[in-house]
>>> print(open('input_0.cif').read())   # mmCIF, C-alpha atoms
data_my_file
loop_
_atom_site.label_atom_id
_atom_site.label_comp_id
_atom_site.auth_asym_id
_atom_site.auth_seq_id
_atom_site.Cartn_x
_atom_site.Cartn_y
_atom_site.Cartn_z
CA MET N 213 -1.60 40.54 79.90
CA GLY N 214 -4.77 39.72 77.97
CA ARG N 215 -6.55 41.02 74.91
CA SER N 216 -9.82 42.19 76.43
CA ALA N 217 -9.20 45.89 75.65
CA ILE N 218 -8.21 45.02 72.06
CA GLU N 219 -11.40 42.99 71.63
CA GLN N 220 -13.47 45.88 72.99
CA LEU N 221 -11.82 48.32 70.60
CA LEU N 222 -12.46 45.98 67.67
CA TRP N 223 -16.12 45.71 68.65
CA MET N 224 -16.38 49.51 68.93
CA MET N 225 -14.65 49.98 65.57
CA ASP N 226 -17.10 47.62 63.89
CA SER N 227 -20.09 49.07 65.71
CA ALA N 228 -19.22 52.64 64.68
CA PHE N 229 -18.52 51.59 61.10
CA GLU N 230 -21.28 49.12 60.27
CA GLY N 231 -23.42 48.74 63.37
CA ASP N 232 -24.17 45.67 65.41
CA PRO N 233 -25.83 42.99 63.25
CA ALA N 234 -27.36 41.48 66.38
CA LYS N 235 -29.09 44.79 67.16
CA PRO N 236 -29.90 46.56 63.90
CA THR N 237 -32.42 48.93 65.54
CA GLN N 238 -29.62 50.19 67.77
CA SER N 239 -27.21 50.75 64.87
CA TRP N 240 -28.63 54.08 63.67
CA HIS N 241 -25.32 55.80 64.50
CA ALA N 242 -23.08 53.69 62.22
CA VAL N 243 -21.43 54.97 59.04
CA LEU N 244 -22.74 52.29 56.69
CA VAL N 245 -26.27 52.43 58.15
CA ASN N 246 -26.43 56.18 57.53
CA LEU N 247 -24.88 55.82 54.12
CA ALA N 248 -27.45 53.20 53.12
CA SER N 249 -30.25 55.67 53.88
CA SER N 250 -28.79 58.13 51.38
CA PRO N 251 -29.40 57.33 47.69
CA ARG N 252 -26.22 57.60 45.62
CA ASP N 253 -27.72 60.31 43.42
CA GLU N 254 -27.96 62.58 46.49
CA TRP N 255 -24.32 62.24 47.55
CA ASP N 256 -23.09 65.29 45.63
CA TRP N 257 -25.71 67.67 47.02
CA ALA N 258 -24.54 70.36 49.45
CA PRO N 259 -26.95 72.19 51.76
CA PRO N 260 -27.57 75.84 50.85
CA GLY N 261 -24.60 77.80 52.11
CA GLY N 262 -22.66 74.60 52.83
CA ALA N 263 -19.76 72.92 51.09
CA ARG N 264 -19.73 69.41 52.54
CA THR N 265 -21.46 66.65 50.65
CA ILE N 266 -22.09 63.07 51.64
CA PHE N 267 -19.52 62.00 49.07
CA SER N 268 -16.88 64.37 50.44
CA LEU N 269 -17.43 62.97 53.92
CA VAL N 270 -17.24 59.39 52.67
CA ARG N 271 -14.02 60.13 50.84
CA GLU N 272 -12.54 61.73 53.95
CA LEU N 273 -13.53 58.74 56.07
CA GLY N 274 -11.77 56.30 53.78
CA VAL N 275 -8.69 58.40 53.20
CA CYS N 276 -8.25 59.02 56.93
CA LYS N 277 -8.55 55.31 57.72
CA LEU N 278 -5.96 54.52 55.06
CA VAL N 279 -3.51 57.22 56.18
CA TYR N 280 -3.86 56.50 59.92
CA ASP N 281 -3.32 52.80 59.24
CA ASN N 282 -0.38 53.33 56.90
CA GLN N 283 1.37 55.76 59.21
CA ALA N 284 0.81 53.78 62.43
CA PHE N 285 1.17 50.22 61.15
CA GLY N 286 2.62 50.46 57.64
CA ASP N 287 5.55 51.96 55.84
CA GLY N 288 4.42 55.58 56.22
CA SER N 289 4.25 56.16 52.47
CA MET N 290 0.72 57.59 52.40
CA ASP N 291 0.25 61.30 52.91
CA TRP N 292 -3.02 63.10 52.33
CA ASP N 293 -1.08 66.19 51.26
CA VAL N 294 0.79 64.33 48.51
CA PRO N 295 -1.42 63.48 45.52
CA GLY N 296 -1.36 59.87 44.41
CA THR N 297 -0.05 58.39 47.67
CA VAL N 298 -3.48 57.39 49.03
CA PRO N 299 -5.82 55.07 47.11
CA ALA N 300 -8.80 57.35 46.50
CA ILE N 301 -12.27 56.76 45.13
CA GLY N 302 -13.53 58.62 42.08
CA THR N 303 -16.61 60.79 42.03
CA THR N 304 -18.32 58.49 39.52
CA ALA N 305 -17.98 55.37 41.68
CA THR N 306 -21.14 53.38 42.27
CA TYR N 307 -22.63 52.87 45.72
CA ASP N 308 -21.26 49.31 45.82
CA GLY N 309 -17.83 50.51 44.70
CA VAL N 310 -17.70 53.17 47.39
CA VAL N 311 -18.83 50.75 50.11
CA ALA N 312 -16.22 48.19 48.98
CA TRP N 313 -13.52 50.89 49.11
CA LEU N 314 -14.63 51.98 52.59
CA ARG N 315 -14.74 48.36 53.79
CA ASP N 316 -11.21 47.84 52.50
CA ALA N 317 -9.97 50.95 54.32
CA HIS N 318 -11.73 49.89 57.52
CA GLY N 319 -10.48 46.33 57.14
CA ARG N 320 -6.86 47.39 56.83
CA LEU N 321 -6.92 49.33 60.08
CA ARG N 322 -9.07 46.74 61.85
CA GLY N 323 -6.76 43.97 60.71
CA HIS N 324 -3.72 45.64 62.21
CA VAL N 325 -5.51 46.27 65.50
CA ALA N 326 -6.64 42.62 65.54
CA GLU N 327 -3.00 41.52 65.08
CA LEU N 328 -1.93 43.17 68.34
CA LYS N 329 -0.75 40.43 70.71
CA ASP N 330 -1.88 41.90 74.02
CA ASP N 331 -3.39 45.00 75.59
CA ALA N 332 0.02 46.39 76.56
CA GLN N 333 0.59 47.17 72.87
CA LEU N 334 -2.26 49.67 73.01
CA LEU N 335 0.02 51.89 75.09
CA GLU N 336 2.92 51.71 72.62
CA PRO N 337 3.65 54.88 70.65
CA ARG N 338 3.13 54.79 66.90
CA PRO N 339 3.66 57.45 64.25
CA GLY N 340 0.73 59.79 63.84
CA PRO N 341 -0.82 60.81 60.53
CA PHE N 342 -0.03 64.50 60.76
CA GLY N 343 3.43 64.54 59.21
CA ASP N 344 4.90 66.27 62.23
CA GLY N 345 7.03 63.36 63.43
CA ARG N 346 5.01 62.97 66.63
CA SER N 347 3.95 59.62 67.99
CA TYR N 348 0.73 58.73 69.77
CA GLU N 349 -0.39 55.80 71.88
CA THR N 350 -1.97 53.12 69.72
CA ARG N 351 -5.20 53.34 71.73
CA TRP N 352 -5.41 57.07 71.00
CA LEU N 353 -5.07 56.49 67.26
CA VAL N 354 -7.74 53.77 67.27
CA ASN N 355 -10.07 55.78 69.48
CA THR N 356 -9.71 58.79 67.18
CA MET N 357 -10.79 56.67 64.21
CA ILE N 358 -13.83 55.37 66.14
CA GLN N 359 -14.83 58.93 67.02
CA HIS N 360 -14.18 60.01 63.43
CA ASP N 361 -16.61 57.39 62.12
CA LEU N 362 -19.33 58.47 64.56
CA TYR N 363 -18.78 62.16 63.88
CA HIS N 364 -19.10 61.79 60.12
CA ALA N 365 -21.97 59.31 60.40
CA GLY N 366 -23.88 62.10 62.15
CA GLU N 367 -22.93 64.57 59.44
CA ILE N 368 -24.05 62.13 56.73
CA ASN N 369 -27.33 61.69 58.55
CA HIS N 370 -27.84 65.44 58.82
CA ILE N 371 -27.04 66.20 55.18
CA ARG N 372 -29.32 63.34 54.10
CA ALA N 373 -32.13 64.67 56.31
CA LEU N 374 -31.72 68.20 54.93
CA ARG N 375 -31.76 66.87 51.35
CA GLN N 376 -34.80 64.67 51.99
CA ARG N 377 -36.49 67.48 53.93
CA ASN N 378 -37.15 65.38 57.01
CA ASP N 379 -34.77 67.08 59.44
CA GLY N 380 -37.28 68.10 62.04
CA PRO N 381 -38.68 67.17 65.44
CA GLY N 382 -39.37 63.47 65.73
CA ASN N 383 -37.01 62.56 62.89
CA ASP N 384 -33.87 61.96 64.92
#
>>> encode(input="input_0.cif", output="structure tokens")
Amino acid sequence: MGRSAIEQLLWMMDSAFEGDPAKPTQSWHAVLVNLASSPRDEWDWAPPGGARTIFSLVRELGVCKLVYDNQAFGDGSMDWDVPGTVPAIGTTATYDGVVAWLRDAHGRLRGHVAELKDDAQLLEPRPGPFGDGRSYETRWLVNTMIQHDLYHAGEINHIRALRQRNDGPGND
């Protein structure tokens, strides 16, 4: 069997996380592109009546990548319900520090996907991150992380637009 599906998943992971460097105008959906449009001093702002902030979404993105990776490919020692088991990022971290932490989390998961020998391994069950003892196909776990990046990239974009007061027609 080949690695064409693995290579496609790696491309999708990178595209959802940082965009396609060859097509920057088509990378508006990526996590790091949306994050870059949000000044660090706006990351702790929550919309009126809301609780989510850009920083809380960024932290969730990184923690989820770390836990999914550790559970599926590692020793299973990380648990988001057990304090201190997941390398977190502090609220006073600089923009560069946060991006480096996110890149590390993305790189860990991406690295393990890149190490898969052939596409058949995408169908192999791996432990899920939910602590319920269930296993999931590798492709499902990777796909969930791709969708997670895109979902939160949209939320980051929306919170940024609300904060900067440019969330209207023609600003999508």
>>> resolve_selection(input="input_0.cif", expression="the PyMOL selection byres ((chain N and resi 256) around 8)", output="PyMOL selection string")
chain N and resi 253-255+257-258+265-268
>>> closest_residue(input="input_0.cif", among="N:Pro295, N:Gly323, N:Gly231, N:Pro259", to="Leu244 (chain N)", atoms="only C-alpha atoms")
N:Gly231
>>> closest_residue(input="input_0.cif", among="N:Ile371, N:Pro341, N:Thr356, N:Gly302", to="Ser289 (chain N)", atoms="only C-alpha atoms")
N:Pro341
>>> resolve_selection(input="input_0.cif", expression="the PyMOL selection byres ((chain N and resi 219) around 12)", output="number ranges by chain")
N: 214-218, 220-226, 322-323, 325-331, 334
>>> resolve_selection(input="input_0.cif", expression="the PyMOL selection byres ((chain N and resi 280) around 8)", output="NGL selection string")
:N and (276-279 or 281-284 or 321 or 340-341 or 353)
>>> residues_around(input="input_0.cif", residues="Thr350 (chain N)", least_positions_apart="5", cutoff="8 Å", atoms="all atoms listed in the file", output="list of chain:residue names")
N:Ala284, N:Gln333, N:Leu334, N:Leu335, N:Glu336, N:Pro337, N:Arg338
>>> closest_residue(input="input_0.cif", among="N:Tyr307, N:Phe285, N:Tyr363, N:Tyr348", to="Glu272 (chain N)", atoms="only C-alpha atoms")
N:Tyr363
>>> atom_distance(input="input_0.cif", atom1="CA of Gly319 (chain N)", atom2="CA of Pro236 (chain N)")
20.6 Å
>>> closest_residue(input="input_0.cif", among="N:Asp361, N:Thr306, N:Ala332, N:Gly366", to="Glu349 (chain N)", atoms="all atoms listed in the file")
N:Ala332
>>> closest_residue(input="input_0.cif", among="N:Trp352, N:Phe229, N:Trp313, N:Phe342", to="Val275 (chain N)", atoms="all atoms listed in the file")
N:Trp313
>>> closest_residue(input="input_0.cif", among="N:Ala365, N:Gln376, N:Lys235, N:Arg271", to="Val310 (chain N)", atoms="only C-alpha atoms")
N:Arg271
